[in-house]
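> A single structure is presented below for examination.
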Number of protein chains: 2
Amino acid sequence: MDQLASKTVLQPFENIEVIQEKSIQLSETLVTLAQGSGGAATHALIEGLFAHAFANSLLSKLDDAAVFPVDGARLAFTTDSYIVDPLFFNGGDIGDLAVNGTVNDLATSGAEPLYLTAGFIIEEGFPLTDLERIVQSMARAAAQAGVSIVTGDTRVVNKNRADKLFINTAGIGVIRRQVNLSAANAQPGDKVILSGPIGEHGVAIMAARGELDGNFKSDTAPLNGLIKSIFHVTTQVHCLKDPTRGGIATALNQIAKSSGVTITIQEDAILVSAETRRACALLGIDPLQAANEGKLIAIVPGEIADTVVAAMRQHPIGKNARVIGEISAESKDVVLLQTQTGGHRVIDMLTGDRLSRIC
Amino acid sequence: MDQLASKTVLQPFENIEVIQEKSIQLSETLVTLAQGSGGAATHALIEGLFAHAFANSLLSKLDDAAVFPVDGARLAFTTDSYIVDPLFFNGGDIGDLAVNGTVNDLATSGAEPLYLTAGFIIEEGFPLTDLERIVQSMARAAAQAGVSIVTGDTRVVNKNRADKLFINTAGIGVIRRQVNLSAANAQPGDKVILSGPIGEHGVAIMAARGELDGNFKSDTAPLNGLIKSIFHVTTQVHCLKDPTRGGIATALNQIAKSSGVTITIQEDAILVSAETRRACALLGIDPLQAANEGKLIAIVPGEIADTVVAAMRQHPIGKNARVIGEISAESKDVVLLQTQTGGHRVIDMLTGDRLSRIC
């Protein structure tokens, strides 16, 4: 832990100021599955180790994409690795997930996604026909989202030194509209809009693992078209977020924490299909913490919420959009669920490792 | 193989034209270690599968970085995954390798490296102190190269489902000089310049694996400073390349093939330390195929070769720069070594899997 405590000062670059993050002591000594879940333990690791060591003002925002200017162009830049198990599931595979995930991280920063990289880490002996199927799926997803995969990298590790296939994608987008989106921008009086029913990706993966019977289909989809529909009517949006690993509970907690606000959501406004609800009950998962791969949370000023909902409903993947809650400044950094019976309960980020390797 | 044979047409984007690559039939049915070696089998996989499926004019160039304009800025974009075994070795670790490798792929495209992403895939149970050490090493390497790590991603897989730690980095750079660099730009009459002695990284990894006794140190280093020294005296450079996996033999074969030329190199001009030469002999490796992580190949018009060599020698990591060969159009797509005894032999790309997981 000594190294973590020492200050690392990076050379400042362009408009990036160097941040002296306070080191957070990590309580574990070995990396745990929970630290890769996307939930509370992942955030503690990022804030305690990566944000501290790589200290700069872009990283410290902890948004899904970094946004910066280069020679007059306003760019967004993001990356994600995909380790989903199994590789193929109802509704998609690791390939379209890897494209859509990065497209969505760019789109929720307000950018038009342009170019992607693809890095493959493959276990020796992996069937080439499966690799071809996944690569074709990536090509179709890229075409659907209107992006090009322009460079890549291929590595192979010995048998049993990786689990079949891991894919990393990074992406560049350009922000051409006058938007300023961040998890830190939610304000009291804002409304929380959700694009449709939750938990579908998480449950589809569990079904593909054989932990459930039934016809569960992932919602994996590119969000840039839906987001364009919103910007067509307004650019006064405060925050866009795709609630993936850790579900809407984790995404909303990130926003509440970054913005220093309270988010109160209405249980009866949040759509969960009867099948997903039953599946989550069987699995002991809170649907609010179950993963999505094609849903959008939009935080917008209260007075334009209805306009945004109407615009979203014009798009096929936003037809079930609705206001699910609102922002206040009461007791900060907290997400509250107003239940159907009228009570309130605190909603936490995902904890534990129950939902690892979900994407 | 059926899927590979079908045509995938991507939506054209900005200045990217859609290329209908001819499908190359892959002769294997399972992915092999050789396909991740960076040598001949890797190139066959890239050309037969990825370049075909992701068909676009940027990818089909197969340079280490894609170069394109966005709103007036001329950008370079690249990615690499790092799976080096072991993680720590004399002279560096997976962390500085992951930063320097991506910095170098940007710099050899003529770009000033600006921003990096970092994606971590970690095996459950990996010691956090090792992760901290690697992350600090990345931070130091980023500071040395003048780049910022602005966004990242952390995944954890179950014990025995990954080998300790894999890192992906992607990078953005900006090309502000009037340069046009590509592996396809070598021309008859050009000279081949090499920045220093070869094979040091490959031998250092083998020593760290316990396959060698002796004090072998990796040459891992950022090349952007050295390349800036060249551009300070001329921008009339045709190609820059860092000969990493597969060594200078593989790098020069890529250039010969992309440019459709013959490259003839002089054995007695290529520096290999006596220790590296002995180590390669013991291991049965050709030093020309052994990996480097801080060396530069520059292909420049014959008339400016001496000027470029002189400029490189002003920089600490270029002080042993010299002309090692020249380009002709005799029998195309071939690399010839003129031996010290006056004979010629054909130099091939690395084949086989002897040197997998070297970076």
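Every chain in the structure tokens has a letter given in the order shown (A, B, ...), and although residue numbers restart at 1 in each chain, ligands are simply numbered from 1 in the order shown.
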Identify, on the basis of only C-alpha atoms, every residue whose closest approach to Lys228 in chain B does not exceed 12 Å; exclude the query and any residue fewer than 2 positions from it along the same chain; express the result as a PyMOL selection string.

chain B and resi 104+107-113+145+175-177+222-226+230-235+237+240+308+311-312+314-315+318

> List the neighbours of Thr169 in chain B out to 7 Å using only C-alpha atoms; skip same-chain residues closer than 2 positions along the sequence, and give me the result as a list in words.

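The filter keeps Thr79, Asp80, Ser81, Ala98, Val99, Thr102, Leu116, Thr117, Ala118, Gly119, Ile167 and Gly171 of chain B.
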
> Find the spatial neighbours of Gly199 in chain A, counting only C-alpha atoms, within a cut-off of 9 Å - ignore same-chain residues fewer than 3 positions away - and output them as a compact mmCIF listing (two decimals) with N, CA, C and O atoms, in the first residue's frame.


```
# COMPACT_ATOMS: atom_id res chain seq x y z
N GLY A 202 -29.32 -9.01 -18.04
CA GLY A 202 -28.87 -9.84 -16.93
C GLY A 202 -29.57 -11.18 -16.87
O GLY A 202 -28.93 -12.23 -16.71
N VAL A 203 -30.86 -11.16 -17.05
CA VAL A 203 -31.64 -12.40 -16.98
C VAL A 203 -31.34 -13.30 -18.18
O VAL A 203 -31.25 -14.53 -18.04
N ALA A 204 -31.12 -12.71 -19.36
CA ALA A 204 -30.79 -13.51 -20.55
C ALA A 204 -29.46 -14.25 -20.37
O ALA A 204 -29.32 -15.40 -20.81
N SER A 218 -31.73 -10.77 -24.45
CA SER A 218 -30.97 -9.56 -24.12
C SER A 218 -31.52 -8.36 -24.88
O SER A 218 -31.98 -8.48 -26.01
N ASP A 219 -31.42 -7.18 -24.26
CA ASP A 219 -31.87 -5.94 -24.91
C ASP A 219 -30.73 -5.22 -25.63
O ASP A 219 -30.88 -4.06 -26.00
N GLY A 247 -26.95 -2.45 -13.04
CA GLY A 247 -28.32 -2.02 -13.24
C GLY A 247 -28.58 -0.55 -12.96
O GLY A 247 -27.65 0.24 -12.76
N ILE A 248 -29.89 -0.19 -12.96
CA ILE A 248 -30.21 1.23 -12.76
C ILE A 248 -29.88 1.67 -11.33
O ILE A 248 -29.60 2.84 -11.08
N VAL A 272 -40.80 -3.55 -15.34
CA VAL A 272 -40.09 -4.84 -15.31
C VAL A 272 -41.10 -5.85 -15.82
O VAL A 272 -42.22 -5.93 -15.30
N SER A 273 -40.74 -6.61 -16.84
CA SER A 273 -41.71 -7.58 -17.35
C SER A 273 -41.99 -8.63 -16.28
O SER A 273 -41.15 -8.89 -15.41
N THR A 276 -39.29 -11.28 -16.30
CA THR A 276 -38.03 -10.84 -15.70
C THR A 276 -38.17 -10.77 -14.18
O THR A 276 -37.27 -11.18 -13.44
N ARG A 277 -39.31 -10.29 -13.72
CA ARG A 277 -39.53 -10.18 -12.27
C ARG A 277 -39.50 -11.56 -11.61
O ARG A 277 -38.84 -11.75 -10.58
N CYS A 280 -35.87 -12.87 -11.69
CA CYS A 280 -35.05 -12.21 -10.67
C CYS A 280 -35.36 -12.76 -9.28
O CYS A 280 -34.45 -12.99 -8.47
N ASP A 286 -32.14 -8.35 -7.35
CA ASP A 286 -33.02 -7.19 -7.42
C ASP A 286 -33.01 -6.70 -8.87
O ASP A 286 -31.94 -6.39 -9.41
N PRO A 287 -34.18 -6.62 -9.53
CA PRO A 287 -34.20 -6.15 -10.92
C PRO A 287 -33.52 -4.79 -11.09
O PRO A 287 -32.97 -4.50 -12.15
N LEU A 288 -33.55 -3.97 -10.03
CA LEU A 288 -32.90 -2.66 -10.11
C LEU A 288 -31.39 -2.79 -10.26
O LEU A 288 -30.72 -1.86 -10.71
N GLN A 289 -30.85 -3.97 -9.86
CA GLN A 289 -29.40 -4.19 -9.95
C GLN A 289 -29.04 -5.10 -11.12
O GLN A 289 -27.86 -5.44 -11.30
N ALA A 290 -30.02 -5.53 -11.89
CA ALA A 290 -29.77 -6.44 -13.02
C ALA A 290 -29.33 -5.62 -14.24
O ALA A 290 -29.81 -4.51 -14.48
N ALA A 291 -28.45 -6.22 -15.04
CA ALA A 291 -27.81 -5.49 -16.15
C ALA A 291 -28.74 -5.26 -17.32
O ALA A 291 -29.61 -6.08 -17.64
N ASN A 292 -28.54 -4.12 -17.97
CA ASN A 292 -29.21 -3.75 -19.22
C ASN A 292 -28.12 -3.43 -20.24
O ASN A 292 -27.03 -2.98 -19.88
```

> In Å, with one decimal, what is the gap from CA of Pro69 in chain B to CA of Asn185 in chain B?

19.6 Å

> Among range 80-113 of chain B, which residues does DSSP mark as helix (DSSP H, G or I) when it is run on the backbone? Keep the chain and numbering as in the structure and answer as a list of chain:residue names.

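Assigned to helix (DSSP H, G or I), within range 80-113 of chain B: B:Ile94, B:Gly95, B:Asp96, B:Leu97, B:Ala98, B:Val99, B:Asn100, B:Gly101, B:Thr102, B:Val103, B:Asn104, B:Asp105, B:Leu106, B:Ala107.
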
> Rounded to one decimal in Å, what is the spacing between CA of Val335 in chain B and CA of Pro301 in chain B?

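Those two atoms sit 18.1 Å apart.
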
> Hey, what does DSSP flag as strand (DSSP E or B) within range 69-151 of chain A? Can you give it to me as an MDAnalysis selection string?

chainID A and resid 69:70 73:82 88:89 92:93 112:123 127 148:151

> Would you mind reading off the distance between CA of Asn90 in chain B and CA of Arg313 in chain B, one decimal, in Å?

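Separating CA of Asn90 in chain B from CA of Arg313 in chain B is a distance of 25.0 Å.
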
> Can you list, as a VMD selection string, every protein, DNA or RNA residue that comes within 9 Å of Leu62 in chain A when you count only C-alpha atoms, leaving out same-chain residues fewer than 6 positions away?

(chain A and resid 46 to 47 51 183 258) or (chain B and resid 151)

> Ranking A:Lys61, A:Val67, A:Tyr82, A:Arg155 by minimum distance to Arg357 in chain B and counting only C-alpha atoms, which one comes first?

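That would be A:Arg155, the residue with the smallest distance to Arg357 in chain B.
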